[in-house]
>>> print(open('upload_9.tsv').read())   # TSV, C-alpha atoms
chain	number	residue	atom	x	y	z
N	1	MET	CA	133.20	-2.93	135.76
N	2	HIS	CA	136.80	-4.13	135.97
N	3	ILE	CA	138.99	-5.88	133.36
N	4	GLN	CA	141.64	-8.51	133.97
N	5	VAL	CA	143.99	-9.95	131.35
N	6	ILE	CA	145.81	-13.20	132.07
N	7	THR	CA	148.34	-14.70	129.66
N	8	PHE	CA	150.66	-17.68	129.86
N	9	LYS	CA	152.68	-20.07	127.74
N	10	LEU	CA	152.16	-23.81	127.47
N	11	ASP	CA	154.90	-26.22	128.51
N	12	GLY	CA	154.64	-29.97	128.04
N	13	THR	CA	151.23	-29.80	126.36
N	14	ASP	CA	149.85	-28.43	123.12
N	15	GLY	CA	147.17	-26.05	121.92
N	16	ALA	CA	144.68	-28.81	121.12
N	17	ALA	CA	144.93	-30.23	124.65
N	18	TYR	CA	144.54	-26.74	126.10
N	19	GLU	CA	141.48	-26.07	123.94
N	20	ALA	CA	139.87	-29.29	125.20
N	21	HIS	CA	140.71	-28.22	128.77
N	22	ALA	CA	139.15	-24.79	128.12
N	23	GLU	CA	135.96	-26.29	126.71
N	24	GLU	CA	135.66	-28.63	129.68
N	25	ASN	CA	136.18	-25.85	132.21
N	26	ALA	CA	134.21	-23.01	130.58
N	27	PRO	CA	131.05	-23.82	132.60
N	28	VAL	CA	133.06	-23.53	135.83
N	29	PHE	CA	134.14	-20.02	134.85
N	30	ALA	CA	130.60	-19.13	133.75
N	31	ALA	CA	129.44	-19.81	137.31
N	32	LEU	CA	132.01	-17.54	138.99
N	33	PRO	CA	130.33	-14.82	141.08
N	34	GLY	CA	130.80	-11.40	139.56
N	35	LEU	CA	132.23	-12.60	136.23
N	36	ARG	CA	130.37	-10.91	133.37
N	37	SER	CA	132.37	-12.60	130.62
N	38	LYS	CA	135.59	-14.35	129.75
N	39	ILE	CA	137.14	-14.30	126.31
N	40	TRP	CA	139.50	-17.24	125.82
N	41	LEU	CA	142.68	-16.37	123.92
N	42	ALA	CA	145.04	-18.49	121.82
N	43	ASN	CA	148.05	-17.53	119.71
N	44	GLN	CA	149.58	-20.85	118.79
N	45	ALA	CA	152.41	-19.26	116.77
N	46	ALA	CA	153.59	-17.36	119.85
N	47	ASN	CA	152.62	-20.16	122.28
N	48	THR	CA	150.59	-17.61	124.23
N	49	TYR	CA	147.17	-18.35	125.72
N	50	GLY	CA	144.94	-16.77	128.31
N	51	GLY	CA	141.80	-14.79	128.84
N	52	ILE	CA	140.23	-11.39	129.06
N	53	TYR	CA	137.89	-11.25	132.04
N	54	THR	CA	135.19	-8.67	132.61
N	55	TRP	CA	134.25	-8.45	136.29
N	56	ASP	CA	131.42	-6.59	138.01
N	57	ASP	CA	134.01	-4.90	140.18
N	58	VAL	CA	137.54	-5.21	141.56
N	59	GLY	CA	136.21	-7.11	144.60
N	60	ALA	CA	134.90	-9.94	142.39
N	61	MET	CA	138.27	-10.10	140.63
N	62	ARG	CA	140.14	-10.26	143.92
N	63	ALA	CA	137.83	-13.01	145.18
N	64	TYR	CA	138.69	-15.02	142.06
N	65	GLN	CA	142.41	-14.44	142.60
N	66	GLY	CA	142.06	-15.74	146.14
N	67	GLY	CA	140.20	-18.86	145.04
N	68	LYS	CA	141.03	-22.40	143.98
N	69	ILE	CA	140.70	-21.88	140.22
N	70	PHE	CA	143.26	-19.07	140.05
N	71	GLN	CA	145.59	-20.85	142.46
N	72	GLY	CA	145.33	-23.96	140.26
N	73	LEU	CA	146.38	-21.90	137.24
N	74	GLN	CA	149.43	-20.63	139.07
N	75	ALA	CA	150.35	-24.13	140.26
N	76	ASN	CA	149.81	-25.86	136.90
N	77	PRO	CA	153.22	-26.97	135.57
N	78	HIS	CA	151.89	-26.84	131.98
N	79	MET	CA	151.13	-23.12	132.25
N	80	ILE	CA	154.29	-21.03	132.60
N	81	ASP	CA	155.21	-17.36	132.44
N	82	VAL	CA	151.81	-16.39	133.84
N	83	ALA	CA	151.17	-12.65	133.60
N	84	VAL	CA	148.20	-10.96	135.27
N	85	THR	CA	147.22	-7.37	134.61
N	86	ASP	CA	144.07	-5.60	135.70
N	87	PHE	CA	142.48	-2.40	134.52
N	88	SER	CA	139.91	0.09	135.69
N	89	VAL	CA	137.38	0.97	133.01
N	90	LEU	CA	136.76	4.53	131.84
N	91	ALA	CA	132.97	4.33	131.98
N	92	ARG	CA	131.83	7.25	129.83
N	93	PRO	CA	133.95	6.69	126.71
N	94	THR	CA	133.45	2.92	127.05
N	95	LYS	CA	129.68	3.43	126.97
N	96	VAL	CA	129.98	5.51	123.78
N	97	THR	CA	131.93	2.70	122.07
N	98	ARG	CA	129.47	0.02	123.28
N	99	GLY	CA	131.88	-1.72	125.64
N	100	GLY	CA	129.83	-3.26	128.39
N	101	ASP	CA	126.54	-2.13	129.82
>>> encode(input="upload_9.tsv", output="structure tokens")
Amino acid sequence: MHIQVITFKLDGTDGAAYEAHAEENAPVFAALPGLRSKIWLANQAANTYGGIYTWDDVGAMRAYQGGKIFQGLQANPHMIDVAVTDFSVLARPTKVTRGGD
């Protein structure tokens, strides 16, 4: 399992428009190979949005980063200050705290 956190700020659009965009595109993300889950994030007060992605492995995450959806995020003029961080998962303590399978 591998975790990826992506955050960004909105520019020229608002939280309601982004939420509608997220709802429309959630099925596209659900179909991504190797994606176990995506948690959609919104902090309207800080104008910060994004997602926490749980991938089967780092290879699935890298395939996503090389694909059209991720490239579209980076090219979207309404999504600025994009930050991407990925994490390995410490399997044994994560299992104890019920994080994943």
>>> closest_residue(input="upload_9.tsv", among="N:Gln65, N:Thr13, N:Gln71, N:Gln4", to="N:Asp86", atoms="all atoms listed in the file")
N:Gln4
>>> residues_around(input="upload_9.tsv", residues="N:Ile3", least_positions_apart="3", cutoff="12 Å", atoms="all atoms listed in the file", output="NGL selection string")
:N and (6 or 34-39 or 51-62 or 84-91 or 99-100)
>>> closest_residue(input="upload_9.tsv", among="N:Gly15, N:Pro93, N:Pro27, N:Gly66", to="N:Leu41", atoms="only C-alpha atoms")
N:Gly15
>>> atom_distance(input="upload_9.tsv", atom1="atom CA of N:Ala22", atom2="atom CA of N:Gln74")
15.6 Å
>>> closest_residue(input="upload_9.tsv", among="N:Ala45, N:Leu32, N:Ile69, N:Ala75", to="N:Asp14", atoms="all atoms listed in the file")
N:Ala45
>>> atom_distance(input="upload_9.tsv", atom1="atom CA of N:His78", atom2="atom CA of N:Ala63")
23.7 Å
>>> closest_residue(input="upload_9.tsv", among="N:Trp40, N:Phe29, N:Tyr49, N:Tyr64", to="N:Val82", atoms="all atoms listed in the file")
N:Tyr49
>>> atom_distance(input="upload_9.tsv", atom1="atom CA of N:Val5", atom2="atom CA of N:Thr48")
12.4 Å
>>> decode(input="upload_9.tsv", residues="stretch 13-38 of chain N", atoms="N, CA and C atoms", output="mmCIF file, in the first residue's frame")
data_model
loop_
_atom_site.group_PDB
_atom_site.id
_atom_site.type_symbol
_atom_site.label_atom_id
_atom_site.label_comp_id
_atom_site.auth_asym_id
_atom_site.auth_seq_id
_atom_site.Cartn_x
_atom_site.Cartn_y
_atom_site.Cartn_z
ATOM 1 N N THR N 13 -12.430 30.268 -9.399
ATOM 2 C CA THR N 13 -13.612 29.425 -9.206
ATOM 3 C C THR N 13 -13.845 29.323 -7.702
ATOM 4 N N ASP N 14 -14.952 28.730 -7.313
ATOM 5 C CA ASP N 14 -15.239 28.651 -5.879
ATOM 6 C C ASP N 14 -15.434 27.211 -5.424
ATOM 7 N N GLY N 15 -15.597 27.048 -4.123
ATOM 8 C CA GLY N 15 -15.722 25.725 -3.537
ATOM 9 C C GLY N 15 -16.926 24.951 -4.045
ATOM 10 N N ALA N 16 -18.042 25.642 -4.262
ATOM 11 C CA ALA N 16 -19.239 24.966 -4.759
ATOM 12 C C ALA N 16 -19.015 24.406 -6.165
ATOM 13 N N ALA N 17 -18.365 25.179 -7.015
ATOM 14 C CA ALA N 17 -18.065 24.706 -8.370
ATOM 15 C C ALA N 17 -17.095 23.532 -8.317
ATOM 16 N N TYR N 18 -16.109 23.608 -7.410
ATOM 17 C CA TYR N 18 -15.167 22.495 -7.284
ATOM 18 C C TYR N 18 -15.878 21.242 -6.777
ATOM 19 N N GLU N 19 -16.781 21.389 -5.814
ATOM 20 C CA GLU N 19 -17.503 20.232 -5.298
ATOM 21 C C GLU N 19 -18.326 19.564 -6.399
ATOM 22 N N ALA N 20 -18.969 20.357 -7.243
ATOM 23 C CA ALA N 20 -19.720 19.801 -8.373
ATOM 24 C C ALA N 20 -18.783 19.069 -9.321
ATOM 25 N N HIS N 21 -17.619 19.642 -9.575
ATOM 26 C CA HIS N 21 -16.597 19.010 -10.418
ATOM 27 C C HIS N 21 -16.163 17.673 -9.802
ATOM 28 N N ALA N 22 -15.945 17.659 -8.487
ATOM 29 C CA ALA N 22 -15.518 16.445 -7.794
ATOM 30 C C ALA N 22 -16.583 15.355 -7.906
ATOM 31 N N GLU N 23 -17.832 15.728 -7.688
ATOM 32 C CA GLU N 23 -18.916 14.747 -7.768
ATOM 33 C C GLU N 23 -19.040 14.167 -9.169
ATOM 34 N N GLU N 24 -18.847 15.014 -10.162
ATOM 35 C CA GLU N 24 -18.930 14.560 -11.554
ATOM 36 C C GLU N 24 -17.788 13.608 -11.897
ATOM 37 N N ASN N 25 -16.601 13.868 -11.347
ATOM 38 C CA ASN N 25 -15.426 13.094 -11.721
ATOM 39 C C ASN N 25 -15.086 11.948 -10.781
ATOM 40 N N ALA N 26 -15.781 11.808 -9.667
ATOM 41 C CA ALA N 26 -15.491 10.722 -8.728
ATOM 42 C C ALA N 26 -15.535 9.342 -9.389
ATOM 43 N N PRO N 27 -16.502 9.053 -10.274
ATOM 44 C CA PRO N 27 -16.501 7.735 -10.915
ATOM 45 C C PRO N 27 -15.260 7.474 -11.776
ATOM 46 N N VAL N 28 -14.700 8.522 -12.352
ATOM 47 C CA VAL N 28 -13.471 8.367 -13.151
ATOM 48 C C VAL N 28 -12.336 7.918 -12.248
ATOM 49 N N PHE N 29 -12.227 8.531 -11.081
ATOM 50 C CA PHE N 29 -11.188 8.136 -10.127
ATOM 51 C C PHE N 29 -11.434 6.729 -9.610
ATOM 52 N N ALA N 30 -12.690 6.392 -9.350
ATOM 53 C CA ALA N 30 -13.021 5.059 -8.837
ATOM 54 C C ALA N 30 -12.572 3.955 -9.777
ATOM 55 N N ALA N 31 -12.467 4.262 -11.059
ATOM 56 C CA ALA N 31 -12.071 3.272 -12.055
ATOM 57 C C ALA N 31 -10.559 3.195 -12.280
ATOM 58 N N LEU N 32 -9.780 4.040 -11.601
ATOM 59 C CA LEU N 32 -8.331 4.032 -11.817
ATOM 60 C C LEU N 32 -7.714 2.716 -11.341
ATOM 61 N N PRO N 33 -6.904 2.087 -12.174
ATOM 62 C CA PRO N 33 -6.245 0.844 -11.765
ATOM 63 C C PRO N 33 -5.337 1.078 -10.557
ATOM 64 N N GLY N 34 -5.488 0.236 -9.553
ATOM 65 C CA GLY N 34 -4.621 0.295 -8.394
ATOM 66 C C GLY N 34 -5.034 1.291 -7.327
ATOM 67 N N LEU N 35 -6.086 2.074 -7.559
ATOM 68 C CA LEU N 35 -6.546 3.025 -6.542
ATOM 69 C C LEU N 35 -7.509 2.305 -5.606
ATOM 70 N N ARG N 36 -7.127 2.214 -4.341
ATOM 71 C CA ARG N 36 -7.991 1.587 -3.334
ATOM 72 C C ARG N 36 -9.055 2.562 -2.854
ATOM 73 N N SER N 37 -8.656 3.826 -2.659
ATOM 74 C CA SER N 37 -9.612 4.832 -2.209
ATOM 75 C C SER N 37 -9.049 6.229 -2.440
ATOM 76 N N LYS N 38 -9.964 7.168 -2.505
ATOM 77 C CA LYS N 38 -9.598 8.579 -2.541
ATOM 78 C C LYS N 38 -10.525 9.312 -1.589
#
